[in-house]
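Working notes for the structure below.
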Amino acid sequence: MPQPEPRDTAKMPQRVKTAALVSSGRHPVSGRAGRAREDARAVEMGLSLVGADLSLAHAGDPEQASLRESLQGYLGMYHGLDDDRDGQLSLLPLGEGGDAVPLLAAWLERSGVRLALTGQRAECGEGSGMVGYLLAERLGWAIATGVAAIEHCDGERVTVLQALPQGQRRRLEVRLPCLIAVDAVAEAPRQSAFGPARRGRIDIVDDLLPPDESPLDADSADWHWQPARARPKRLKVVKSTNARDRFKAAAAKSSASGGQVLTDLSPEEAAEKLIDYLRAEKILAQDDQ
Amino acid sequence: MLQTLLPILIFAALAVGAAGAVRRIRLWRQGQRTPMRWYRLVLMPKRYLNDLHHVVARDKAIAHTHVATAGGFVAAMALALVVHGFGWRNPILGGLLLAASLCMFIGALAVNRRRIDPSAKLSKGPWQRLSKSLLAYSVGMFLVSLPLVGVAPTLLGGGVLAIVLSAVLVWGLLEMVVGMGWGGPMKHAFAGSFHLAFHRRPERFDDNHADAVHDVHRGSRSTALFPLDLTAKTLGVEKPADFQWEQLLGFDACVQCGRCQNVCPAYAAGQPLNPKKLIQDMVVGMAGGNDARYAGSGYPGIEVGKHHGGPNAPIVPQLVEAQTLWACTTCRACVEECPMMIEHVDAIVDMRRFITLEKGETPEKGAAAIDNLIATDNPGGLDNASRLDWAADLEMPRIQDRPEGVDVLLWLGDGAFDMRNQRTLRALVKILRAGGVDFAVLGDEERDSGDVARRLGDEATFQRLAERNIATLSRYRFARIVTADPHSFHVLGREYGAFGGDYRVLHHSTFIAELFDGGRISVEAPAQAETVTYHDPCYLGRYNGEFAAPRQVLAALGLEVAEMERSGYRSRCCGGGGGAALSDVPGKARIPDMRMEDVRETGATTVAVACPQCTAMLEGVVEPRPRILDIAEMVAAALVEPATASTTRTSTEAPEEVPA
Ligand code: SF4
Ligand code: SF4
């Protein structure tokens with residue numbers, strides 16, 4: 001695939017209301033709460049796009065002790081911007097077993113956000129990586145995942161670079177409003193500073209949904225939970241005594257093979273091909289219509 | 001004619017000078033205020049004659065010069081006030097006045113000789129002029145006072161000579177009296193007096209120590225950083241007015257002698273830091289203006305004259321570049337050497353605090369270390385539970401199993417994660433066992449002391465670590481803490497006190513010396529004579545005044561120490577302190593390379609060290625170079641183990657057995 005030339009990351013000419021949805025992270029070594037790595041990158045992306053206009057939101061339990069500290073971690077990133085306004089975060093109260101999607105959707109709609117940035121997957125809790133998709137579906141927005149950079153954004157559309165394996169990039173143009181899930185290869189987040197973190201505001205927004213519509217995640221109640229275990233990695237045994245080959249084998253990501261590129265199909269034919277493929281891979285049952 | 005002119009001149013000079021002095025005091029008081037306690041001024045004379053002179057006298061020639069010049073001037077000025085000002089023309093007083101002027105003249109000659117080809121550490125410009133002005137004042141005062149003792153009364157009565165004499169005297173008065181108030185070089189006398197009286201670290205002076213002995217190491221009396229109030233409106237120093245007023249006053253007392261510049265390792269390495277220029281920049285910021293009139297050496301690689309500041313303008317980067325602040329290793333060599341007792345390190349850390357806590361612009365690796373400290377309690381981001389992995393085979397006693405308490409709590413420090421330092425720790429454990437010491441460790445309950453976070457300006461993370469460590473320590477009973485890490489030693493021993501943690505902390509060299517003294521360990525004589533030298537770690541020596549114990553230990557080993565030229569309180573930093581190894585500001589040379597050069601000059605084949613950071617920095621010097629051994633390793637290797645010795649092996653002979 002030809003690599004797109006990197007373009008200058010353009011600031012937004014006319015400001016599109018932008019927000020970052022953040023979660024509480026979990027440090028891979030100590031398990032301590034803090035900024036989630038991808039979410040922090042989403043905030044970084046938002047700050048370099050719209051500066052202190054970026055608003056933040058999190059749906060979670062305000063009573064949880066470590067939560068405030070994680071959220072302040074994001075607010076501490078409001079420095080080095082054109083103006084020195086403090087950060088502001090809307091905390092949408094959500095109890096145990098609650099569903100964040102309706103709350104976040106209602107908040108995005110109410111605050112008139114047209115560009116929402118978030119990480120791809122939470123570091124704790126379900127970590128299903130589904131929130132973005134479910135939100136986009138519910139709001140009828142476009143979604144782009146694995147985004148490494150935003151190149152350009154006007155009032156109508158946003159141009160992003162999507163990260164593909166082995167450092168490849170794909171340029172996408174997405175209509176607004178849209179949701180962008182930021183990849184771990186995006187620009188590293190700036191340092192979270194104690195002063196701005198302390199000054200940033202956390203506002204509790206608890207009137208988003210009518211009281212009878214409690215956002216319960218009914219499905220998850222039946223689930224069986226157990227701690228995740230790292231999956232063992234299969235090592236490729238490379239016989240070669242040649243350092244270059246060994247390096248290539250170690251560095252290679254498993255790339256799919258045997259696929260085919262289909263072009264110039266009508267939407268119907270394309271759908272037909274896809275369904276055939278999914279049936280062949282036993283992802284759709286044979287009789288699934 | 002002179003009779004009428006002199007009082008006018010003297011009183012006019014005093015009045016104008018006083019007006020300038022009031023303005024100067026206002027400049028200082030732009031800083032954060034503490035109440036002005038005027039009565040402290042009575043402390044000044046003794047502090048000047050005793051404490052300050054103690055530092056000045058390290059350079060005998062300049063000390064004598066200063067005594068003659070300053071003493072002569074003060075006496076001459078006081079007498080002139082009586083004799084010429086108030087007109088009490090007593091021949092005895094006149095004679096004294098002549099003697100004082102003469103004394104000052106002799107001093108001024110010495111000053112001028114120093115100024116013929118001034119060394120690079122000295123500032124030129126007004127300071128060069130001052131040497132001439134001293135001559136003018138002393139000669140002028142001498143000549144106009146001659147008539148008092150009946151010599152040449154007619155000659156000086158009037159005419160051209162009188163005019164010339166008055167002109168010379170006016171020059172002298174302008175420099176010495178008016179300039180003192182209005183910011184000429186003589187400002188140092190006025191600001192310096194106040195600075196001594198209102199110094200922020202009164203513990204540095206003998207008057208705070210009832211039983212002061214003259215030869216104690218004064219520099220180590222007060223070295224803990226000041227705690228920062230984390231609820232303050234802005235954290236750290238952004239603009240000159242954010243300094244405490246006593247700090248601004250201190251900057252103003254600088255005599256631009258360049259002693260600090262001469263000893264600064266960062267300056268010598270060509271990094272963009274010069275403590276003298278930094279202090280002058282603070283003066284520029286306090287008074288407003290630019291640095292174009294600075295007539296000394298600048299920051300290496302940064303042009304002089306391009307920076308400007310004001311009392312309420314941000315310091316970084318208009319006045320001082322961030323790189324300048326990050327180059328400092330906090331070695332305190334400058335503070336130690338400064339005859340005006342100016343506190344450079346406090347100022348640098350204050351400004352770093354703003355950069356880190358408010359601007360979030362800590363140098364990249366420093367910021368990563370801080371993030372790790374927050375998440376994992378150690379700067380490497382490693383699992384804190386692995387703090388004892390290196391001792392898996394040593395059956396280390398845990399303090400958790402010793403509710404009745406132990407004699408020694410062994411504080412490992414972050415060196416526990418470093419393979420090189422693990423060898424030192426294993427050696428230390430071997431020594432403790434050989435000496436039958438009742439000791440235990442905290443294991444994974446130990447956290448980083450917060451040293452690096454604090455020096456990088458992250459007072460929030462430091463205070464959090466301090467509070468947690470103090471809470472942990474409060475759960476266990478021990479008589480004292482021993483550590484092989486001078487940074488932990490300093491922080492636990494001297495900086496935790498402000499947060500409610502008061503412990504007896506010993507550096508391992510002190511403790512080992514104690515074991516030798518008590519006859520609890522014995523060593524065999526070295527097989528062959530070897531020249532060793534010893535590198536004083538800043539945080540052990542200058543910060544805490546422990547110069548003797550490591551040398552005692554080396555002597556007990558039967559080793560002859562060939563001292564480096566810069567050793568003891570003048571030791572040159574290894575370059576690893578204050579987070580400088582993390583910020584890694586580029587320069588022309590590397591500080592550890594320069595230190596290794598010092599080692600080589602002694603002809604030593606081994607350099608004894610007493611700090612994990614020094615070990616790492618010096619071992620980073622490319623081979624061939626002298627061997628680097630921690631004091632503990634040297635002792636452990638020479639131990640004669642009693643028959644009941646433990647199973648501990650000498651790690652130095654089997655480093656590959658140390659688990660990673
Ligand atoms: S700061 Fe101190 S040592 Fe440095 S030039 Fe000024 S007076 Fe001299
Ligand atoms: S503390 Fe050391 S490195 Fe820092 S300015 Fe002073 S002499 Fe230089």
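Here's how to read the names in the structure tokens: chain A, B, ... by the order shown, residue numbers from 1 in each chain, ligand numbers from 1 in the order shown.
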- request: Please identify every residue of chain A that has at least one atom no more than 10 Å from any atom of chain B, counting only C-alpha atoms, and report them as a list of chain:residue names.
  value: A:Arg26, A:His27, A:Pro28, A:Val29, A:Ser30, A:Gly31, A:Arg32, A:Ala33, A:Gly34, A:Gly76, A:Met77, A:Tyr78, A:His79, A:Gly80, A:Leu81, A:Arg190, A:Gln191, A:Ser192, A:Ala193, A:Phe194, A:Gly195, A:Pro196, A:Ala197, A:Arg198, A:Arg199
Output file for the residues above (N, CA and C atoms, as a PDB file, in the first residue's frame):
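For reference, out11.pdb as written:
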```pdb
ATOM      1  N   ARG A  26      -5.368   1.948  34.156  1.00  0.00           N
ATOM      2  CA  ARG A  26      -4.813   1.011  35.124  1.00  0.00           C
ATOM      3  C   ARG A  26      -3.382   0.748  34.711  1.00  0.00           C
ATOM      4  N   HIS A  27      -2.451   1.060  35.600  1.00  0.00           N
ATOM      5  CA  HIS A  27      -1.047   0.931  35.227  1.00  0.00           C
ATOM      6  C   HIS A  27      -0.681  -0.541  35.027  1.00  0.00           C
ATOM      7  N   PRO A  28      -0.014  -0.863  33.922  1.00  0.00           N
ATOM      8  CA  PRO A  28       0.235  -2.273  33.612  1.00  0.00           C
ATOM      9  C   PRO A  28       1.107  -2.977  34.654  1.00  0.00           C
ATOM     10  N   VAL A  29       1.946  -2.237  35.367  1.00  0.00           N
ATOM     11  CA  VAL A  29       2.808  -2.895  36.351  1.00  0.00           C
ATOM     12  C   VAL A  29       2.181  -2.886  37.743  1.00  0.00           C
ATOM     13  N   SER A  30       1.774  -1.718  38.172  1.00  0.00           N
ATOM     14  CA  SER A  30       1.323  -1.613  39.560  1.00  0.00           C
ATOM     15  C   SER A  30      -0.192  -1.757  39.691  1.00  0.00           C
ATOM     16  N   GLY A  31      -0.909  -1.618  38.578  1.00  0.00           N
ATOM     17  CA  GLY A  31      -2.366  -1.677  38.654  1.00  0.00           C
ATOM     18  C   GLY A  31      -2.986  -0.423  39.238  1.00  0.00           C
ATOM     19  N   ARG A  32      -2.162   0.609  39.465  1.00  0.00           N
ATOM     20  CA  ARG A  32      -2.694   1.833  40.046  1.00  0.00           C
ATOM     21  C   ARG A  32      -3.506   2.624  39.033  1.00  0.00           C
ATOM     22  N   ALA A  33      -4.501   3.330  39.528  1.00  0.00           N
ATOM     23  CA  ALA A  33      -5.329   4.144  38.638  1.00  0.00           C
ATOM     24  C   ALA A  33      -4.546   5.357  38.164  1.00  0.00           C
ATOM     25  N   GLY A  34      -4.866   5.804  36.975  1.00  0.00           N
ATOM     26  CA  GLY A  34      -4.196   6.977  36.417  1.00  0.00           C
ATOM     27  C   GLY A  34      -4.796   7.266  35.055  1.00  0.00           C
ATOM     28  N   GLY A  76      -4.768  17.958  34.186  1.00  0.00           N
ATOM     29  CA  GLY A  76      -3.401  18.478  34.311  1.00  0.00           C
ATOM     30  C   GLY A  76      -2.729  18.695  32.968  1.00  0.00           C
ATOM     31  N   MET A  77      -3.378  18.267  31.896  1.00  0.00           N
ATOM     32  CA  MET A  77      -2.773  18.453  30.574  1.00  0.00           C
ATOM     33  C   MET A  77      -3.118  19.813  29.972  1.00  0.00           C
ATOM     34  N   TYR A  78      -3.921  20.596  30.673  1.00  0.00           N
ATOM     35  CA  TYR A  78      -4.304  21.908  30.126  1.00  0.00           C
ATOM     36  C   TYR A  78      -3.216  22.935  30.423  1.00  0.00           C
ATOM     37  N   HIS A  79      -2.117  22.838  29.705  1.00  0.00           N
ATOM     38  CA  HIS A  79      -1.053  23.833  29.826  1.00  0.00           C
ATOM     39  C   HIS A  79      -0.344  23.932  28.487  1.00  0.00           C
ATOM     40  N   GLY A  80       0.411  25.002  28.335  1.00  0.00           N
ATOM     41  CA  GLY A  80       1.128  25.202  27.071  1.00  0.00           C
ATOM     42  C   GLY A  80       0.186  25.489  25.919  1.00  0.00           C
ATOM     43  N   LEU A  81      -1.011  25.985  26.206  1.00  0.00           N
ATOM     44  CA  LEU A  81      -1.999  26.268  25.156  1.00  0.00           C
ATOM     45  C   LEU A  81      -2.015  27.777  24.903  1.00  0.00           C
ATOM     46  N   ARG A 190       1.039  15.036  26.509  1.00  0.00           N
ATOM     47  CA  ARG A 190       1.919  15.918  27.269  1.00  0.00           C
ATOM     48  C   ARG A 190       1.860  15.543  28.742  1.00  0.00           C
ATOM     49  N   GLN A 191       2.856  16.035  29.487  1.00  0.00           N
ATOM     50  CA  GLN A 191       2.949  15.766  30.920  1.00  0.00           C
ATOM     51  C   GLN A 191       1.707  16.311  31.617  1.00  0.00           C
ATOM     52  N   SER A 192       1.250  15.589  32.601  1.00  0.00           N
ATOM     53  CA  SER A 192       0.157  16.103  33.413  1.00  0.00           C
ATOM     54  C   SER A 192       0.770  16.862  34.576  1.00  0.00           C
ATOM     55  N   ALA A 193       0.435  18.156  34.662  1.00  0.00           N
ATOM     56  CA  ALA A 193       1.075  18.990  35.688  1.00  0.00           C
ATOM     57  C   ALA A 193       0.143  19.167  36.872  1.00  0.00           C
ATOM     58  N   PHE A 194       0.754  19.224  38.033  1.00  0.00           N
ATOM     59  CA  PHE A 194      -0.015  19.253  39.277  1.00  0.00           C
ATOM     60  C   PHE A 194      -0.886  20.507  39.385  1.00  0.00           C
ATOM     61  N   GLY A 195      -0.338  21.641  39.015  1.00  0.00           N
ATOM     62  CA  GLY A 195      -1.069  22.910  39.167  1.00  0.00           C
ATOM     63  C   GLY A 195      -2.370  22.928  38.377  1.00  0.00           C
ATOM     64  N   PRO A 196      -2.298  22.773  37.047  1.00  0.00           N
ATOM     65  CA  PRO A 196      -3.533  22.744  36.257  1.00  0.00           C
ATOM     66  C   PRO A 196      -4.464  21.600  36.678  1.00  0.00           C
ATOM     67  N   ALA A 197      -3.906  20.489  37.103  1.00  0.00           N
ATOM     68  CA  ALA A 197      -4.749  19.360  37.526  1.00  0.00           C
ATOM     69  C   ALA A 197      -5.583  19.780  38.730  1.00  0.00           C
ATOM     70  N   ARG A 198      -4.937  20.515  39.609  1.00  0.00           N
ATOM     71  CA  ARG A 198      -5.609  20.944  40.831  1.00  0.00           C
ATOM     72  C   ARG A 198      -6.669  21.995  40.523  1.00  0.00           C
ATOM     73  N   ARG A 199      -6.388  22.843  39.533  1.00  0.00           N
ATOM     74  CA  ARG A 199      -7.317  23.929  39.235  1.00  0.00           C
ATOM     75  C   ARG A 199      -8.471  23.502  38.340  1.00  0.00           C
TER      76      ARG A 199
END
```
task: Enumerate as an MDAnalysis selection string the residues within 9 Å of ligand 1, counting only C-alpha atoms and all ligand atoms.
output: chainID B and resid 121:123 188 250:262 274:280 334:344
field: Residues within 8 Å of range 51-64 of chain A, only C-alpha atoms, excluding chain neighbours under 2 positions, as a PyMOL selection string
entry: chain A and resi 17-23+46-49+66-68+78+81-96+100+103-104
Restricting the output to N, CA, C and O atoms, write the selected residues as a tab-separated table (two decimals), in the first residue's frame.
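Resulting contents of selection-v5.tsv:
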```
chain	number	residue	atom	x	y	z
A	17	LYS	N	-17.08	22.08	17.82
A	17	LYS	CA	-17.16	21.71	19.24
A	17	LYS	C	-16.60	20.30	19.42
A	17	LYS	O	-17.09	19.34	18.82
A	18	THR	N	-15.55	20.21	20.20
A	18	THR	CA	-14.82	18.95	20.33
A	18	THR	C	-14.78	18.50	21.79
A	18	THR	O	-14.66	19.33	22.68
A	19	ALA	N	-14.90	17.20	21.99
A	19	ALA	CA	-14.81	16.68	23.35
A	19	ALA	C	-13.98	15.41	23.33
A	19	ALA	O	-13.86	14.74	22.31
A	20	ALA	N	-13.40	15.10	24.47
A	20	ALA	CA	-12.71	13.82	24.62
A	20	ALA	C	-13.41	13.03	25.72
A	20	ALA	O	-13.71	13.58	26.77
A	21	LEU	N	-13.67	11.78	25.42
A	21	LEU	CA	-14.29	10.90	26.42
A	21	LEU	C	-13.16	10.11	27.06
A	21	LEU	O	-12.39	9.44	26.36
A	22	VAL	N	-13.04	10.22	28.37
A	22	VAL	CA	-11.88	9.61	29.03
A	22	VAL	C	-12.33	8.59	30.06
A	22	VAL	O	-13.44	8.65	30.57
A	23	SER	N	-11.43	7.67	30.34
A	23	SER	CA	-11.73	6.66	31.35
A	23	SER	C	-10.58	6.60	32.34
A	23	SER	O	-9.53	7.20	32.12
A	46	GLY	N	-6.97	16.30	21.01
A	46	GLY	CA	-7.99	17.34	21.13
A	46	GLY	C	-7.37	18.68	21.50
A	46	GLY	O	-7.73	19.72	20.94
A	47	LEU	N	-6.41	18.66	22.41
A	47	LEU	CA	-5.80	19.91	22.86
A	47	LEU	C	-5.02	20.57	21.72
A	47	LEU	O	-5.05	21.78	21.56
A	48	SER	N	-4.34	19.75	20.92
A	48	SER	CA	-3.59	20.40	19.84
A	48	SER	C	-4.53	20.84	18.73
A	48	SER	O	-4.15	21.68	17.92
A	49	LEU	N	-5.74	20.33	18.71
A	49	LEU	CA	-6.71	20.74	17.69
A	49	LEU	C	-7.46	22.00	18.11
A	49	LEU	O	-7.54	22.97	17.35
A	66	SER	N	-10.31	6.55	43.88
A	66	SER	CA	-9.18	6.86	43.01
A	66	SER	C	-9.60	7.58	41.74
A	66	SER	O	-8.77	8.02	40.96
A	67	LEU	N	-10.93	7.71	41.55
A	67	LEU	CA	-11.39	8.24	40.27
A	67	LEU	C	-10.95	9.69	40.07
A	67	LEU	O	-10.44	10.06	39.02
A	68	ARG	N	-11.16	10.49	41.12
A	68	ARG	CA	-10.84	11.91	41.00
A	68	ARG	C	-9.40	12.12	40.56
A	68	ARG	O	-9.09	12.95	39.72
A	78	TYR	N	-3.92	20.60	30.67
A	78	TYR	CA	-4.30	21.91	30.13
A	78	TYR	C	-3.22	22.94	30.42
A	78	TYR	O	-3.35	23.78	31.30
A	81	LEU	N	-1.01	25.99	26.21
A	81	LEU	CA	-2.00	26.27	25.16
A	81	LEU	C	-2.02	27.78	24.90
A	81	LEU	O	-1.40	28.54	25.64
A	82	ASP	N	-2.75	28.16	23.87
A	82	ASP	CA	-2.75	29.58	23.53
A	82	ASP	C	-3.33	30.43	24.66
A	82	ASP	O	-2.89	31.54	24.92
A	83	ASP	N	-4.36	29.92	25.30
A	83	ASP	CA	-4.87	30.68	26.44
A	83	ASP	C	-4.73	29.82	27.68
A	83	ASP	O	-4.54	28.61	27.60
A	84	ASP	N	-4.80	30.45	28.84
A	84	ASP	CA	-4.51	29.67	30.04
A	84	ASP	C	-5.78	29.36	30.84
A	84	ASP	O	-5.78	29.40	32.06
A	85	ARG	N	-6.85	29.05	30.11
A	85	ARG	CA	-8.04	28.61	30.83
A	85	ARG	C	-7.78	27.23	31.45
A	85	ARG	O	-6.99	26.45	30.94
A	86	ASP	N	-8.47	26.95	32.52
A	86	ASP	CA	-8.32	25.65	33.15
A	86	ASP	C	-9.22	24.63	32.46
A	86	ASP	O	-10.18	24.99	31.81
A	87	GLY	N	-8.87	23.38	32.65
A	87	GLY	CA	-9.66	22.32	32.04
A	87	GLY	C	-10.99	22.13	32.76
A	87	GLY	O	-11.17	22.54	33.90
A	88	GLN	N	-11.92	21.51	32.06
A	88	GLN	CA	-13.23	21.26	32.67
A	88	GLN	C	-13.68	19.88	32.25
A	88	GLN	O	-13.54	19.49	31.09
A	89	LEU	N	-14.18	19.12	33.20
A	89	LEU	CA	-14.60	17.76	32.92
A	89	LEU	C	-15.99	17.54	33.47
A	89	LEU	O	-16.30	17.96	34.59
A	90	SER	N	-16.85	16.94	32.66
A	90	SER	CA	-18.20	16.61	33.13
A	90	SER	C	-18.18	15.16	33.59
A	90	SER	O	-17.83	14.26	32.84
A	91	LEU	N	-18.55	14.98	34.83
A	91	LEU	CA	-18.60	13.63	35.39
A	91	LEU	C	-20.06	13.19	35.41
A	91	LEU	O	-20.91	13.82	36.04
A	92	LEU	N	-20.36	12.14	34.65
A	92	LEU	CA	-21.74	11.66	34.55
A	92	LEU	C	-21.87	10.48	35.50
A	92	LEU	O	-21.30	9.43	35.25
A	93	PRO	N	-22.60	10.65	36.59
A	93	PRO	CA	-22.63	9.60	37.62
A	93	PRO	C	-23.23	8.32	37.07
A	93	PRO	O	-24.27	8.33	36.41
A	94	LEU	N	-22.56	7.24	37.36
A	94	LEU	CA	-22.96	5.95	36.83
A	94	LEU	C	-22.62	4.91	37.88
A	94	LEU	O	-21.47	4.79	38.29
A	95	GLY	N	-23.62	4.20	38.33
A	95	GLY	CA	-23.38	3.23	39.39
A	95	GLY	C	-22.83	1.93	38.86
A	95	GLY	O	-22.59	1.77	37.65
A	96	GLU	N	-22.60	1.02	39.74
A	96	GLU	CA	-22.13	-0.33	39.42
A	96	GLU	C	-23.10	-0.97	38.44
A	96	GLU	O	-24.31	-0.89	38.59
A	100	ALA	N	-22.73	3.03	30.22
A	100	ALA	CA	-22.25	4.39	29.98
A	100	ALA	C	-22.81	4.97	28.69
A	100	ALA	O	-22.90	6.19	28.54
A	103	LEU	N	-25.78	7.55	28.63
A	103	LEU	CA	-25.37	8.79	29.31
A	103	LEU	C	-24.46	9.62	28.42
A	103	LEU	O	-24.67	10.82	28.23
A	104	LEU	N	-23.44	8.96	27.88
A	104	LEU	CA	-22.47	9.70	27.06
A	104	LEU	C	-23.16	10.26	25.82
A	104	LEU	O	-22.91	11.40	25.42
```
message: Taking only C-alpha atoms and all ligand atoms into account, list the residues no farther than 6 Å from ligand 2, as JSON, numbers by chain.
response: {"B": [263, 264, 265, 266, 275, 328, 329, 330, 331, 332, 333, 334, 345]}
Could the residues in this selection be saved with C-alpha atoms as a PDB file, in the first residue's frame?
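This is the output file again.pdb:
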```
ATOM      1  CA  VAL B 263      33.528  25.293  40.715  1.00  0.00           C
ATOM      2  CA  CYS B 264      30.337  24.632  38.750  1.00  0.00           C
ATOM      3  CA  PRO B 265      30.636  21.243  37.021  1.00  0.00           C
ATOM      4  CA  ALA B 266      27.974  22.126  34.481  1.00  0.00           C
ATOM      5  CA  PRO B 275      25.696  30.196  38.580  1.00  0.00           C
ATOM      6  CA  CYS B 328      22.229  22.023  37.422  1.00  0.00           C
ATOM      7  CA  THR B 329      23.183  18.889  39.328  1.00  0.00           C
ATOM      8  CA  THR B 330      22.239  20.551  42.654  1.00  0.00           C
ATOM      9  CA  CYS B 331      25.771  19.749  43.806  1.00  0.00           C
ATOM     10  CA  ARG B 332      25.886  22.862  45.997  1.00  0.00           C
ATOM     11  CA  ALA B 333      29.498  23.551  45.070  1.00  0.00           C
ATOM     12  CA  CYS B 334      28.503  27.100  44.207  1.00  0.00           C
ATOM     13  CA  VAL B 345      20.242  25.753  44.467  1.00  0.00           C
TER      14      VAL B 345
END
```
- prompt: Residues of range 27-169 of chain A in helix (DSSP H, G or I) according to DSSP, as number ranges by chain?
  reply: A: 37-53, 67-75, 100-110, 131-139, 165-167
Non-local contacts of Cys178 in chain A (9 Å; only C-alpha atoms; under 6 positions in same chain excluded) as an mmCIF file with N, CA and C atoms, in the first residue's frame:
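Final file, result-v9.cif:
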```cif
data_model
loop_
_atom_site.group_PDB
_atom_site.id
_atom_site.type_symbol
_atom_site.label_atom_id
_atom_site.label_comp_id
_atom_site.auth_asym_id
_atom_site.auth_seq_id
_atom_site.Cartn_x
_atom_site.Cartn_y
_atom_site.Cartn_z
ATOM 1 N N ARG A 114 -19.502 17.877 18.028
ATOM 2 C CA ARG A 114 -19.572 17.293 16.692
ATOM 3 C C ARG A 114 -18.364 16.406 16.408
ATOM 4 N N LEU A 115 -17.358 16.539 17.258
ATOM 5 C CA LEU A 115 -16.188 15.693 17.086
ATOM 6 C C LEU A 115 -15.827 15.138 18.459
ATOM 7 N N ALA A 116 -15.957 13.814 18.598
ATOM 8 C CA ALA A 116 -15.656 13.204 19.895
ATOM 9 C C ALA A 116 -14.433 12.316 19.741
ATOM 10 N N LEU A 117 -13.476 12.504 20.657
ATOM 11 C CA LEU A 117 -12.244 11.716 20.626
ATOM 12 C C LEU A 117 -12.221 10.800 21.833
ATOM 13 N N ALA A 136 -21.612 5.603 18.398
ATOM 14 C CA ALA A 136 -21.791 6.063 17.031
ATOM 15 C C ALA A 136 -23.104 5.535 16.475
ATOM 16 N N GLY A 140 -26.022 7.879 15.424
ATOM 17 C CA GLY A 140 -26.022 7.950 13.978
ATOM 18 C C GLY A 140 -24.807 8.681 13.436
ATOM 19 N N TRP A 141 -23.696 8.612 14.152
ATOM 20 C CA TRP A 141 -22.481 9.300 13.720
ATOM 21 C C TRP A 141 -21.573 8.330 12.964
ATOM 22 N N ALA A 142 -20.619 8.932 12.273
ATOM 23 C CA ALA A 142 -19.554 8.114 11.682
ATOM 24 C C ALA A 142 -18.551 7.781 12.772
ATOM 25 N N ILE A 143 -17.793 6.710 12.561
ATOM 26 C CA ILE A 143 -16.725 6.393 13.510
ATOM 27 C C ILE A 143 -15.473 5.993 12.749
ATOM 28 N N ALA A 144 -14.337 6.489 13.199
ATOM 29 C CA ALA A 144 -13.051 6.055 12.635
ATOM 30 C C ALA A 144 -12.223 5.531 13.789
ATOM 31 N N ARG A 157 -16.012 18.186 7.496
ATOM 32 C CA ARG A 157 -15.374 16.885 7.513
ATOM 33 C C ARG A 157 -13.988 16.946 8.160
ATOM 34 N N VAL A 158 -13.528 15.760 8.518
ATOM 35 C CA VAL A 158 -12.227 15.692 9.180
ATOM 36 C C VAL A 158 -11.375 14.670 8.443
#
```
task: Excluding Ala13 in chain B and residues on its chain fewer than 5 positions from it, collect all residues at most 8 Å away from it, counting only C-alpha atoms, and give them as a list in words.
output: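 Using only C-alpha atoms, the neighbours found are Leu173, Leu174, Val177 and Val178 of chain B.
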query: Closest to Arg420 in chain B among B:Met617, B:Ile315, B:Ala162, B:Val139, using only C-alpha atoms?
result: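 Of all the options, B:Met617 lies closest to Arg420 in chain B.
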- line: What separates CA of Leu325 in chain B and CA of Ala610 in chain B is a distance of 26.7 Å
CA of Arg41 in chain A to CA of Leu582 in chain B, distance in Å rounded to a single decimal: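 Computing it gives 23.5 Å between the two atoms.
Atom pair CA of Glu238 in chain B / CA of Asp281 in chain B: separated by 13.8 Å.
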